[in-house]
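File shown: data-v7.csv (CSV, C-alpha atoms).
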```
chain,number,residue,atom,x,y,z
B,1,ILE,CA,92.9,109.8,95.2
B,2,GLN,CA,94.9,107.2,93.2
B,3,TYR,CA,98.1,109.1,93.3
B,4,ALA,CA,97.5,109.7,97.0
B,5,TRP,CA,97.4,105.9,97.5
B,6,SER,CA,100.7,105.6,95.6
B,7,PHE,CA,102.3,108.2,97.9
B,8,VAL,CA,101.0,106.4,101.0
B,9,LEU,CA,102.7,103.2,99.8
B,10,GLY,CA,105.8,104.9,98.5
B,11,TYR,CA,106.5,106.9,101.8
B,12,GLY,CA,105.0,104.4,104.2
B,13,LEU,CA,106.8,101.1,103.2
B,14,SER,CA,110.4,100.1,103.4
B,15,PRO,CA,111.8,97.9,100.6
B,16,ALA,CA,111.3,94.8,102.8
B,17,ALA,CA,107.7,95.8,103.5
B,18,ALA,CA,107.1,96.5,99.9
B,19,ARG,CA,108.4,93.0,99.1
B,20,ILE,CA,105.8,91.6,101.5
B,21,ALA,CA,103.1,93.7,100.0
B,22,SER,CA,104.1,92.4,96.5
B,23,ARG,CA,103.6,88.8,97.8
B,24,LEU,CA,100.2,89.9,99.1
B,25,MET,CA,99.4,91.1,95.6
B,26,ILE,CA,100.2,87.7,94.3
B,27,GLY,CA,97.8,86.2,96.8
B,28,VAL,CA,95.0,88.6,96.0
B,29,ALA,CA,95.5,87.9,92.2
B,30,ALA,CA,95.4,84.2,92.9
B,31,ALA,CA,92.3,84.4,94.9
B,32,ALA,CA,90.5,86.5,92.3
B,33,ALA,CA,91.7,84.0,89.6
B,34,ALA,CA,90.3,81.1,91.6
B,35,LEU,CA,87.0,82.8,91.9
B,36,ALA,CA,87.0,83.5,88.2
B,37,VAL,CA,87.7,79.9,87.4
B,38,TRP,CA,85.1,78.6,89.8
B,39,TYR,CA,82.4,81.0,88.5
B,40,TYR,CA,83.2,80.2,84.9
B,41,TYR,CA,82.7,76.4,85.3
B,42,GLU,CA,79.9,76.5,87.9
B,43,ARG,CA,77.8,79.4,86.7
B,44,ASN,CA,78.8,80.7,83.3
B,45,PRO,CA,80.7,78.2,81.0
B,46,THR,CA,79.4,79.7,77.8
B,47,LEU,CA,81.0,83.2,78.0
B,48,ARG,CA,84.5,84.4,78.7
B,49,ALA,CA,85.6,84.5,82.3
B,50,LYS,CA,84.9,87.9,83.9
B,51,PHE,CA,83.8,87.4,87.5
B,52,PRO,CA,84.6,89.1,89.9
B,53,SER,CA,85.5,92.2,87.9
B,54,GLY,CA,82.5,92.1,85.5
B,55,ASN,CA,84.5,92.3,82.3
B,56,PRO,CA,87.0,89.9,80.8
B,57,LEU,CA,89.4,92.8,79.9
B,58,PHE,CA,89.5,94.1,83.4
B,59,LEU,CA,89.9,90.7,85.0
B,60,ALA,CA,92.8,89.8,82.7
B,61,ALA,CA,94.5,93.2,83.3
B,62,ALA,CA,94.2,92.8,87.0
B,63,LEU,CA,95.9,89.4,86.8
B,64,LEU,CA,99.0,90.6,85.0
B,65,PRO,CA,100.9,91.6,88.2
B,66,GLY,CA,100.0,88.3,89.7
B,67,ILE,CA,101.5,86.4,86.8
B,68,LEU,CA,104.7,88.5,86.5
B,69,LEU,CA,105.3,88.8,90.2
B,70,SER,CA,104.9,85.0,90.6
B,71,LEU,CA,107.5,84.5,87.8
B,72,SER,CA,109.9,86.9,89.5
B,73,LEU,CA,109.4,85.2,92.9
B,74,LEU,CA,109.9,81.8,91.3
B,75,TRP,CA,113.1,82.8,89.6
B,76,GLU,CA,114.4,84.4,92.7
B,77,ARG,CA,113.7,81.4,94.9
B,78,LEU,CA,115.0,78.7,92.5
B,79,ILE,CA,118.0,80.5,90.9
B,80,VAL,CA,119.1,83.3,93.1
B,81,ALA,CA,118.5,82.1,96.6
B,82,ARG,CA,120.6,78.9,96.3
B,83,SER,CA,122.5,79.5,99.5
B,84,GLU,CA,119.4,79.2,101.7
B,85,ALA,CA,118.1,75.9,103.1
B,86,THR,CA,116.1,73.9,100.6
B,87,ARG,CA,112.9,73.9,102.6
B,88,ARG,CA,113.0,77.7,102.9
B,89,ARG,CA,113.7,78.0,99.2
B,90,LEU,CA,111.1,75.6,98.0
B,91,GLY,CA,108.1,76.8,100.1
B,92,PRO,CA,107.7,80.2,98.4
B,93,ALA,CA,108.6,78.6,95.0
B,94,ILE,CA,105.7,76.0,95.3
B,95,ALA,CA,103.3,78.8,96.3
B,96,ALA,CA,104.5,80.9,93.4
B,97,VAL,CA,103.9,78.0,91.0
B,98,GLY,CA,100.4,77.5,92.4
B,99,ALA,CA,99.5,81.1,92.0
B,100,LEU,CA,101.0,81.2,88.5
B,101,ILE,CA,98.9,78.2,87.4
B,102,VAL,CA,95.6,79.6,88.7
B,103,CYS,CA,96.3,83.1,87.3
B,104,LEU,CA,97.2,81.8,83.9
B,105,TRP,CA,94.1,79.5,83.9
B,106,ALA,CA,91.8,82.4,84.6
B,107,PHE,CA,93.8,84.6,82.2
B,108,ALA,CA,93.2,82.1,79.4
B,109,LEU,CA,89.5,81.8,80.2
B,110,ALA,CA,89.2,85.6,80.0
B,111,ASP,CA,90.7,85.5,76.5
B,112,ALA,CA,91.4,89.2,76.4
B,113,ARG,CA,93.6,90.2,73.4
B,114,ALA,CA,94.7,93.5,75.0
B,115,SER,CA,96.0,91.7,78.1
B,116,GLN,CA,97.7,89.1,76.0
B,117,VAL,CA,99.7,91.9,74.3
B,118,GLY,CA,100.4,93.4,77.8
B,119,LEU,CA,101.7,90.1,79.1
B,120,ALA,CA,104.0,89.7,76.1
B,121,VAL,CA,105.3,93.2,76.6
B,122,GLY,CA,105.7,92.6,80.4
B,123,LEU,CA,107.7,89.5,79.8
B,124,LEU,CA,110.0,91.4,77.4
B,125,ALA,CA,110.3,94.1,80.0
B,126,MET,CA,111.2,91.6,82.7
B,127,VAL,CA,114.0,90.3,80.5
B,128,PHE,CA,115.1,93.8,79.8
B,129,PHE,CA,115.4,94.8,83.5
B,130,ALA,CA,117.1,91.5,84.5
B,131,LEU,CA,119.8,91.7,81.8
B,132,PRO,CA,123.1,93.6,82.3
B,133,ARG,CA,123.2,97.0,80.6
B,134,GLY,CA,125.2,95.8,77.7
B,135,ARG,CA,122.7,93.1,76.7
B,136,ARG,CA,119.5,95.0,77.0
B,137,TRP,CA,119.3,95.6,73.3
B,138,MET,CA,118.2,92.0,72.8
B,139,PRO,CA,114.6,92.3,74.1
B,140,VAL,CA,114.4,95.8,72.5
B,141,VAL,CA,114.8,94.4,69.0
B,142,CYS,CA,111.9,92.1,69.6
B,143,LEU,CA,109.5,95.0,70.1
B,144,PRO,CA,108.8,95.7,66.4
B,145,LEU,CA,108.0,92.1,65.8
B,146,LEU,CA,105.7,92.1,68.9
B,147,ALA,CA,104.0,95.2,67.5
B,148,VAL,CA,103.3,93.5,64.2
B,149,ALA,CA,102.0,90.4,65.9
B,150,ALA,CA,99.8,92.5,68.2
B,151,TRP,CA,98.3,94.4,65.2
B,152,TYR,CA,97.7,91.1,63.4
B,153,VAL,CA,95.9,89.6,66.4
B,154,PHE,CA,93.9,92.8,66.9
B,155,THR,CA,92.8,93.1,63.3
B,156,GLN,CA,92.1,89.4,62.7
B,157,ALA,CA,89.9,89.2,65.8
B,158,GLY,CA,90.2,85.5,66.1
B,159,GLY,CA,87.6,84.9,63.5
B,160,ALA,CA,84.8,85.9,65.8
B,161,ALA,CA,82.2,88.4,64.4
B,162,ASP,CA,81.7,90.2,67.8
B,163,ARG,CA,85.5,90.6,68.3
B,164,SER,CA,85.7,92.2,64.8
B,165,VAL,CA,82.9,94.7,65.8
B,166,THR,CA,84.8,95.6,69.0
B,167,ALA,CA,88.0,96.1,67.0
B,168,ARG,CA,86.2,98.5,64.6
B,169,PHE,CA,84.7,100.3,67.6
B,170,ARG,CA,88.1,100.9,69.0
B,171,GLU,CA,89.4,102.3,65.7
B,172,TYR,CA,86.5,104.8,65.7
B,173,ALA,CA,87.1,105.8,69.3
B,174,TRP,CA,90.8,106.3,68.7
B,175,SER,CA,90.1,108.5,65.7
B,176,TYR,CA,87.7,110.7,67.8
B,177,ALA,CA,90.4,111.1,70.5
B,178,LEU,CA,92.9,112.2,67.9
B,179,LYS,CA,90.4,114.7,66.4
B,180,MET,CA,89.8,116.2,69.8
B,181,PHE,CA,93.5,116.6,70.4
B,182,ASP,CA,93.9,118.1,66.9
B,183,GLU,CA,91.3,120.8,67.8
B,184,ARG,CA,93.0,121.9,71.1
B,185,ARG,CA,96.5,120.5,71.2
B,186,VAL,CA,97.8,122.3,74.3
B,187,THR,CA,95.2,121.6,77.1
B,188,CYS,CA,92.4,120.1,75.0
B,189,TYR,CA,89.0,119.7,76.7
B,190,GLY,CA,89.8,119.0,80.3
B,191,GLN,CA,89.4,115.9,82.5
B,192,GLY,CA,86.4,113.9,81.4
B,193,GLY,CA,86.3,115.8,78.0
B,194,PHE,CA,86.1,112.6,75.9
B,195,ALA,CA,83.2,111.4,78.0
B,196,LEU,CA,81.3,114.6,77.1
B,197,VAL,CA,82.5,115.3,73.5
B,198,GLY,CA,83.4,112.0,72.0
B,199,ASP,CA,79.8,111.3,70.9
B,200,SER,CA,79.8,114.4,68.8
B,201,PHE,CA,81.9,112.7,66.1
B,202,VAL,CA,79.7,109.7,65.7
B,203,GLU,CA,77.0,110.9,63.3
B,204,ASN,CA,78.6,109.9,60.0
B,205,ASP,CA,80.2,106.7,61.2
B,206,VAL,CA,77.0,105.3,62.9
B,207,LEU,CA,75.1,105.7,59.6
B,208,ALA,CA,77.9,103.9,57.6
B,209,ASP,CA,78.6,101.2,60.2
B,210,PRO,CA,75.9,101.0,62.9
B,211,LEU,CA,77.0,97.6,64.5
B,212,PRO,CA,79.8,98.9,66.7
B,213,PHE,CA,77.7,101.7,68.2
B,214,VAL,CA,75.4,99.8,70.5
B,215,SER,CA,76.0,102.4,73.3
B,216,ARG,CA,77.5,105.8,73.9
B,217,VAL,CA,81.2,106.3,73.1
B,218,GLU,CA,82.2,107.1,76.7
B,219,HIS,CA,85.9,106.2,76.4
B,220,ALA,CA,88.6,106.2,73.8
B,221,HIS,CA,89.5,102.6,74.8
B,222,ASN,CA,93.1,103.8,74.8
B,223,GLU,CA,94.2,105.4,78.1
B,224,TRP,CA,97.0,107.4,76.5
B,225,LEU,CA,94.9,108.7,73.6
B,226,GLU,CA,92.1,109.6,76.1
B,227,THR,CA,94.7,111.5,78.1
B,228,LEU,CA,95.6,113.4,75.0
B,229,ALA,CA,91.9,114.2,74.3
B,230,ASP,CA,91.3,115.2,78.0
B,231,LEU,CA,94.5,117.0,79.0
B,232,GLY,CA,96.2,117.8,75.7
B,233,SER,CA,100.0,117.7,75.2
B,234,VAL,CA,100.7,119.3,78.6
B,235,GLY,CA,98.9,116.7,80.6
B,236,PHE,CA,100.1,113.8,78.4
B,237,VAL,CA,103.7,114.8,78.8
B,238,LEU,CA,103.3,115.1,82.6
B,239,VAL,CA,101.7,111.7,82.9
B,240,ILE,CA,104.2,109.9,80.6
B,241,VAL,CA,107.2,111.6,82.2
B,242,GLY,CA,105.9,110.6,85.7
B,243,LEU,CA,105.7,107.0,84.6
B,244,ALA,CA,109.1,107.1,82.9
B,245,LEU,CA,110.7,108.6,86.0
B,246,THR,CA,109.1,105.9,88.1
B,247,ILE,CA,110.7,103.2,85.9
B,248,ARG,CA,114.0,105.1,85.9
B,249,ALA,CA,114.1,105.4,89.6
B,250,GLY,CA,113.5,101.6,89.9
B,251,MET,CA,116.3,100.9,87.4
B,252,LEU,CA,118.7,103.1,89.4
B,253,ALA,CA,117.7,101.5,92.7
B,254,MET,CA,118.2,97.9,91.5
B,255,ALA,CA,122.0,98.0,91.8
B,256,GLY,CA,121.9,98.7,95.5
B,257,LEU,CA,119.3,96.2,96.5
B,258,PRO,CA,119.8,92.7,97.8
B,259,SER,CA,118.7,89.9,95.4
B,260,ARG,CA,115.3,89.4,97.0
B,261,GLU,CA,114.3,93.0,96.7
B,262,ARG,CA,115.9,93.3,93.3
B,263,TRP,CA,113.8,90.6,91.8
B,264,THR,CA,110.7,91.9,93.4
B,265,LEU,CA,111.4,95.3,91.9
B,266,ILE,CA,111.9,93.7,88.5
B,267,GLY,CA,108.5,92.0,88.7
B,268,LEU,CA,106.8,95.3,89.8
B,269,MET,CA,108.3,97.3,87.0
B,270,ALA,CA,107.5,94.6,84.4
B,271,ALA,CA,103.9,94.5,85.7
B,272,LEU,CA,103.6,98.3,85.4
B,273,VAL,CA,104.9,98.2,81.8
B,274,ALA,CA,102.5,95.3,81.0
B,275,ILE,CA,99.4,97.2,82.2
B,276,ALA,CA,100.6,100.4,80.4
B,277,ALA,CA,100.8,98.4,77.2
B,278,GLU,CA,97.4,96.7,77.9
B,279,GLU,CA,95.8,100.1,78.3
B,280,CYS,CA,96.6,100.9,74.7
B,281,PHE,CA,93.4,98.9,73.9
B,282,SER,CA,91.3,99.2,77.0
B,283,PRO,CA,89.5,101.8,79.3
B,284,GLY,CA,90.4,99.8,82.4
B,285,LEU,CA,92.1,102.7,84.2
B,286,ARG,CA,88.9,104.7,83.9
B,287,VAL,CA,86.1,102.4,84.9
B,288,SER,CA,87.2,99.4,86.8
B,289,GLY,CA,89.3,98.0,89.6
B,290,VAL,CA,92.4,98.1,87.5
B,291,PRO,CA,93.4,101.5,88.8
B,292,THR,CA,93.9,100.0,92.3
B,293,VAL,CA,96.4,97.5,90.9
B,294,PHE,CA,98.1,100.0,88.7
B,295,TYR,CA,98.7,102.7,91.3
B,296,SER,CA,99.6,100.1,93.9
B,297,LEU,CA,102.4,99.1,91.5
B,298,ILE,CA,103.6,102.7,91.2
B,299,GLY,CA,103.6,103.1,95.0
B,300,LEU,CA,105.5,99.8,95.6
B,301,ILE,CA,108.1,100.8,93.0
B,302,TRP,CA,108.6,104.1,94.8
B,303,ALA,CA,108.9,102.3,98.1
B,304,MET,CA,111.5,99.9,96.7
B,305,SER,CA,113.4,102.9,95.1
B,306,GLY,CA,113.3,105.4,98.0
B,307,SER,CA,115.6,106.2,100.8
B,308,GLN,CA,114.2,105.3,104.2
B,309,VAL,CA,116.8,107.6,105.9
B,310,ARG,CA,115.0,110.7,104.4
B,311,SER,CA,111.4,109.3,104.9
B,312,PRO,CA,109.2,111.5,107.0
B,313,LEU,CA,107.6,108.4,108.5
B,314,VAL,CA,110.9,107.4,109.9
B,315,ARG,CA,111.3,110.7,111.7
B,316,ILE,CA,107.7,110.5,113.0
B,317,SER,CA,108.3,107.0,114.3
B,318,ARG,CA,111.1,108.0,116.6
B,319,SER,CA,108.8,109.5,119.2
B,320,ARG,CA,106.1,107.4,121.0
B,321,ALA,CA,103.8,110.4,121.3
B,322,ALA,CA,104.2,111.1,117.6
B,323,ARG,CA,103.5,107.5,116.7
B,324,ALA,CA,100.3,107.5,118.8
B,325,LEU,CA,99.1,110.8,117.4
B,326,PHE,CA,99.8,109.8,113.8
B,327,GLY,CA,98.2,106.4,114.4
B,328,VAL,CA,95.0,108.0,115.6
B,329,ALA,CA,95.0,110.4,112.6
B,330,CYS,CA,95.4,107.5,110.2
B,331,VAL,CA,92.6,105.5,111.8
B,332,ALA,CA,90.3,108.6,111.6
B,333,PHE,CA,91.3,109.2,107.9
B,334,GLY,CA,90.7,105.5,107.2
B,335,GLY,CA,87.2,105.8,108.6
B,336,PHE,CA,86.6,108.9,106.4
B,337,VAL,CA,87.8,106.9,103.3
B,338,VAL,CA,85.4,104.1,104.1
B,339,VAL,CA,82.4,106.5,104.4
B,340,VAL,CA,83.3,108.3,101.1
B,341,ASN,CA,83.8,105.0,99.3
B,342,TYR,CA,80.4,103.7,100.6
B,343,ARG,CA,78.8,106.8,99.2
B,344,ASP,CA,80.5,106.3,95.9
B,345,PHE,CA,79.3,102.7,95.8
B,346,SER,CA,75.7,103.8,96.6
B,347,SER,CA,75.9,106.4,93.8
B,348,ALA,CA,77.1,103.6,91.4
B,349,LEU,CA,74.1,101.5,92.3
B,350,ASP,CA,71.8,104.5,91.7
B,351,GLU,CA,73.5,105.0,88.3
B,352,TYR,CA,72.8,101.4,87.4
B,353,SER,CA,69.2,101.8,88.6
B,354,ALA,CA,68.8,104.9,86.5
B,355,GLU,CA,69.9,103.0,83.4
B,356,GLU,CA,67.4,100.2,84.1
B,357,HIS,CA,64.5,102.7,84.7
B,358,LEU,CA,65.4,104.6,81.6
B,359,ARG,CA,65.4,101.4,79.6
B,360,SER,CA,62.0,100.3,81.0
B,361,GLY,CA,60.5,103.8,80.4
B,362,ASP,CA,60.0,104.7,84.1
B,363,LEU,CA,61.3,108.3,83.6
B,364,GLU,CA,60.5,109.7,87.0
B,365,LYS,CA,62.5,107.0,88.8
B,366,ALA,CA,65.2,107.3,86.2
B,367,ILE,CA,65.5,111.1,86.9
B,368,ALA,CA,65.6,110.6,90.7
B,369,ALA,CA,68.2,107.8,90.5
B,370,ALA,CA,70.4,109.7,88.0
B,371,GLU,CA,70.4,112.7,90.3
B,372,ARG,CA,71.5,110.6,93.2
B,373,GLY,CA,74.1,108.8,91.1
B,374,SER,CA,75.9,112.0,90.2
B,375,VAL,CA,76.2,113.4,93.7
B,376,ALA,CA,78.9,111.4,95.5
B,377,ARG,CA,81.0,109.8,92.7
B,378,LEU,CA,84.8,109.9,93.2
B,379,ASN,CA,85.4,109.4,89.5
B,380,PRO,CA,84.3,112.6,87.7
B,381,GLN,CA,83.7,110.8,84.5
B,382,ARG,CA,81.2,108.5,86.1
B,383,ALA,CA,79.5,111.5,87.6
B,384,LEU,CA,79.4,113.0,84.0
B,385,THR,CA,77.8,109.7,82.8
B,386,SER,CA,75.0,110.0,85.4
B,387,LEU,CA,74.5,113.7,84.4
B,388,ALA,CA,74.2,112.7,80.7
B,389,MET,CA,71.7,110.0,81.7
B,390,LEU,CA,69.8,112.6,83.7
B,391,VAL,CA,69.7,114.9,80.7
B,392,GLN,CA,68.5,112.1,78.5
B,393,ALA,CA,65.7,111.2,81.0
B,394,HIS,CA,64.5,114.9,81.1
B,395,ILE,CA,64.5,115.1,77.3
B,396,ARG,CA,62.4,112.0,77.1
B,397,SER,CA,60.1,113.2,79.9
B,398,ALA,CA,59.5,116.4,78.0
B,399,GLY,CA,58.6,114.4,74.9
B,400,MET,CA,61.4,115.8,72.8
```

As structure tokens, the full file:
Amino acid sequence: IQYAWSFVLGYGLSPAAARIASRLMIGVAAAAAALAVWYYYERNPTLRAKFPSGNPLFLAAALLPGILLSLSLLWERLIVARSEATRRRLGPAIAAVGALIVCLWAFALADARASQVGLAVGLLAMVFFALPRGRRWMPVVCLPLLAVAAWYVFTQAGGAADRSVTARFREYAWSYALKMFDERRVTCYGQGGFALVGDSFVENDVLADPLPFVSRVEHAHNEWLETLADLGSVGFVLVIVGLALTIRAGMLAMAGLPSRERWTLIGLMAALVAIAAEECFSPGLRVSGVPTVFYSLIGLIWAMSGSQVRSPLVRISRSRAARALFGVACVAFGGFVVVVNYRDFSSALDEYSAEEHLRSGDLEKAIAAAERGSVARLNPQRALTSLAMLVQAHIRSAGM
């Protein structure tokens, strides 16, 4: 589903349209950031900002494209587009500054170390893509220093006890993913394998260090290690090569684009690299709204890099009858997507209800809710979570 969305954007948008969509991403990020800031000060000033995503890590990750695309738009408007009228140049620049301020404000309130690392990597990537080929070694030599700094921030945990516990939890989860990969290196356990098998490695660690294990180990908290644990070396290579080819296509396309599209493409690629780096410490691509942002970036990079001459949508658009037929089909498919997503949302509510009933000891309602929660989930791992909850409710109901 996520890659299908990327293909829709990649084949359906021209570079100019992708540039407009990128500005819309800035607007959406700024709106989400404004909501996060408002909610933090009005409703929840004692905890890190997390509304509207529900988790500080996911909020900060979703703001990364807004920050980097705002920077690329600001640079393009103030430095590159000098030949345009001042009013036309300053309007988007002022809007970019406003979006950048509110995104950075919410980003700081979220205080997510993984996203801070991602932002640093994204800024280096932006410099790398913007420099001429002969000077791109300069940001590359900064990467080892950045890696050392990231490890220091991660291990020190800012002096907070709870952050230290989460750091240890990640270390355990990473080791379990590597153990799973070591057992079946070619194809490993299959999609969702870590969600099913990860807990089997916990027994000795939970006795020695119980504080990190307050709930099930459902994710490796590292997208790329979890890919290894789920899909093995075959799946890992396919995913990484796909991302690498996306960046490579963008770099090849930059030379032939006008300055406006070129700087938009630089911002998109930097944002993709930033989230990829952030996902070394987070399960955001598995359980939150971060996938929508991530795969939108992939699709927009494809749109900026592709040839509209060979696009099938261009050929379809030449005939009025074809446009009408294709438009009706798209509307029908959009309605189908709405229905499927509503069912997925309802199943997510049932899963949450099952957890609440299980916690309160109402096992009959927990069993019924868990059964409903596993029926219509689009994410197979969330369906597996509901099934695991259903098994737990049946075991407790049987008195085992």

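Nearest to Arg23 of chain B of all the residues B:Leu300, B:Ala369, B:Leu196, B:Leu384 is B:Leu300, counting all atoms listed in the file.
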
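Here atom CA of Ala21 of chain B stands at a distance of 9.5 Å from atom CA of Ser296 of chain B.
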
Show me, as JSON lines, the residues of segment 16-81 of chain B having an atom within 8 Å of segment 113-135 of chain B, each with the closest atom pair and its distance in Å, using all atoms listed in the file.
```
{"residue": "B:Leu57", "atom": "CA", "partner": "B:Ser115", "partner_atom": "CA", "distance": 6.9}
{"residue": "B:Ala60", "atom": "CA", "partner": "B:Ser115", "partner_atom": "CA", "distance": 5.9}
{"residue": "B:Ala61", "atom": "CA", "partner": "B:Ser115", "partner_atom": "CA", "distance": 5.6}
{"residue": "B:Leu64", "atom": "CA", "partner": "B:Leu119", "partner_atom": "CA", "distance": 6.5}
{"residue": "B:Leu68", "atom": "CA", "partner": "B:Leu123", "partner_atom": "CA", "distance": 7.4}
```

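Closest approach to Pro65 of chain B among B:Ala255, B:Leu285, B:Ala49, B:Val290: B:Val290, based on all atoms listed in the file.
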
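Using all atoms listed in the file for every distance, the candidate list B:Cys142, B:Leu9, B:Ala220, B:Ile395 yields B:Leu9 as the residue closest to Gly299 of chain B.
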
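Note that the spacing between atom CA of Val391 of chain B and atom CA of Cys188 of chain B amounts to 24.0 Å.
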
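By all atoms listed in the file, and with residues fewer than 2 positions from segment 343-359 of chain B along its chain excluded, the set lying at most 8 Å from it is Val339, Val340, Asn341, Gly361, Asp362, Leu363, Lys365, Ala366, Ile367, Ala368, Ala369, Ala370, Arg372, Gly373, Ser374, Val375, Ala376, Arg377, Leu378, Ser386, Met389 and Ala393 of chain B.
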
Take the residues from that selection and write them out as a PDB file, in the frame of the given file, keeping C-alpha atoms.
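Contents of selection15.pdb, as written:
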```
ATOM      1  CA  VAL B 339      82.400 106.500 104.400  1.00  0.00           C
ATOM      2  CA  VAL B 340      83.300 108.300 101.100  1.00  0.00           C
ATOM      3  CA  ASN B 341      83.800 105.000  99.300  1.00  0.00           C
ATOM      4  CA  GLY B 361      60.500 103.800  80.400  1.00  0.00           C
ATOM      5  CA  ASP B 362      60.000 104.700  84.100  1.00  0.00           C
ATOM      6  CA  LEU B 363      61.300 108.300  83.600  1.00  0.00           C
ATOM      7  CA  LYS B 365      62.500 107.000  88.800  1.00  0.00           C
ATOM      8  CA  ALA B 366      65.200 107.300  86.200  1.00  0.00           C
ATOM      9  CA  ILE B 367      65.500 111.100  86.900  1.00  0.00           C
ATOM     10  CA  ALA B 368      65.600 110.600  90.700  1.00  0.00           C
ATOM     11  CA  ALA B 369      68.200 107.800  90.500  1.00  0.00           C
ATOM     12  CA  ALA B 370      70.400 109.700  88.000  1.00  0.00           C
ATOM     13  CA  ARG B 372      71.500 110.600  93.200  1.00  0.00           C
ATOM     14  CA  GLY B 373      74.100 108.800  91.100  1.00  0.00           C
ATOM     15  CA  SER B 374      75.900 112.000  90.200  1.00  0.00           C
ATOM     16  CA  VAL B 375      76.200 113.400  93.700  1.00  0.00           C
ATOM     17  CA  ALA B 376      78.900 111.400  95.500  1.00  0.00           C
ATOM     18  CA  ARG B 377      81.000 109.800  92.700  1.00  0.00           C
ATOM     19  CA  LEU B 378      84.800 109.900  93.200  1.00  0.00           C
ATOM     20  CA  SER B 386      75.000 110.000  85.400  1.00  0.00           C
ATOM     21  CA  MET B 389      71.700 110.000  81.700  1.00  0.00           C
ATOM     22  CA  ALA B 393      65.700 111.200  81.000  1.00  0.00           C
TER      23      ALA B 393
END
```

Item to check | Within 8 Å of Tyr295 of chain B using all atoms listed in the file, minus same-chain residues under 4 positions, as a list in words | outcome: Gln2, Tyr3, Trp5, Ser6, Pro291 and Gly299 of chain B

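Here atom CA of Glu76 of chain B and atom CA of Arg260 of chain B stand 6.7 Å from one another.
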
Checklist outcome for this item: For Cys280 of chain B, the closest of B:Asn379, B:Asn222, B:Thr292, B:Ser397 counting only C-alpha atoms is B:Asn222

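Every protein, DNA or RNA residue with an atom at most 10 Å from Gly10 of chain B, where only C-alpha atoms count and chain neighbours fewer than 5 positions away do not, is listed here: Ala4, Trp5, Pro15, Ala18, Ser296, Leu297, Ile298, Gly299, Leu300, Ile301, Trp302, Ala303, Met304, Ser305, Gly306 and Ser311 of chain B.
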
Checklist entry - Neighbours of segment 206-210 of chain B within 12 Å (only C-alpha atoms; same-chain residues fewer than 3 positions away dropped), as a PyMOL selection string? => result chain B and resi 165+168-169+172-173+199-203+213-217

Next on the checklist: as a list in words, please: the residues near segment 236-247 of chain B (cut-off 8 Å, only C-alpha atoms, same-chain neighbours under 4 positions excluded).
Outcome noted: Trp224, Thr227, Leu228, Leu231, Gly232, Met251, Met269, Ile298, Ile301 and Trp302 of chain B

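Ranking B:Leu225, B:Ile20, B:Val287, B:Leu73 by their shortest atom-to-atom distance to Ser53 of chain B, with all atoms listed in the file included, puts B:Val287 first.
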
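Comparing B:Thr264, B:Thr187, B:Ser164, B:Gln392 by their smallest distance to Gly66 of chain B, the closest is B:Thr264 (using only C-alpha atoms).
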
How about completing segment 376-383 of chain B with N, CA, C and O atoms and giving it to me as a compact mmCIF listing (two decimals), in the frame of the given file?
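The resulting file, result.txt, is reproduced below:
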```
# COMPACT_ATOMS: atom_id res chain seq x y z
N ALA B 376 77.81 111.80 94.62
CA ALA B 376 78.90 111.40 95.50
C ALA B 376 79.96 110.55 94.74
O ALA B 376 80.71 109.82 95.38
N ARG B 377 80.03 110.63 93.42
CA ARG B 377 81.00 109.80 92.70
C ARG B 377 82.41 110.36 92.85
O ARG B 377 82.65 111.56 92.72
N LEU B 378 83.35 109.47 93.12
CA LEU B 378 84.80 109.90 93.20
C LEU B 378 85.38 110.04 91.85
O LEU B 378 86.32 110.83 91.69
N ASN B 379 84.89 109.29 90.90
CA ASN B 379 85.40 109.40 89.50
C ASN B 379 84.56 110.44 88.79
O ASN B 379 83.36 110.24 88.59
N PRO B 380 85.14 111.57 88.39
CA PRO B 380 84.30 112.60 87.70
C PRO B 380 83.69 112.16 86.45
O PRO B 380 82.62 112.64 86.08
N GLN B 381 84.32 111.22 85.74
CA GLN B 381 83.70 110.80 84.50
C GLN B 381 82.47 109.95 84.73
O GLN B 381 81.53 110.00 83.94
N ARG B 382 82.43 109.19 85.83
CA ARG B 382 81.20 108.50 86.10
C ARG B 382 80.10 109.43 86.54
O ARG B 382 78.92 109.22 86.24
N ALA B 383 80.45 110.52 87.23
CA ALA B 383 79.50 111.50 87.60
C ALA B 383 78.91 112.18 86.28
O ALA B 383 77.71 112.45 86.15
```
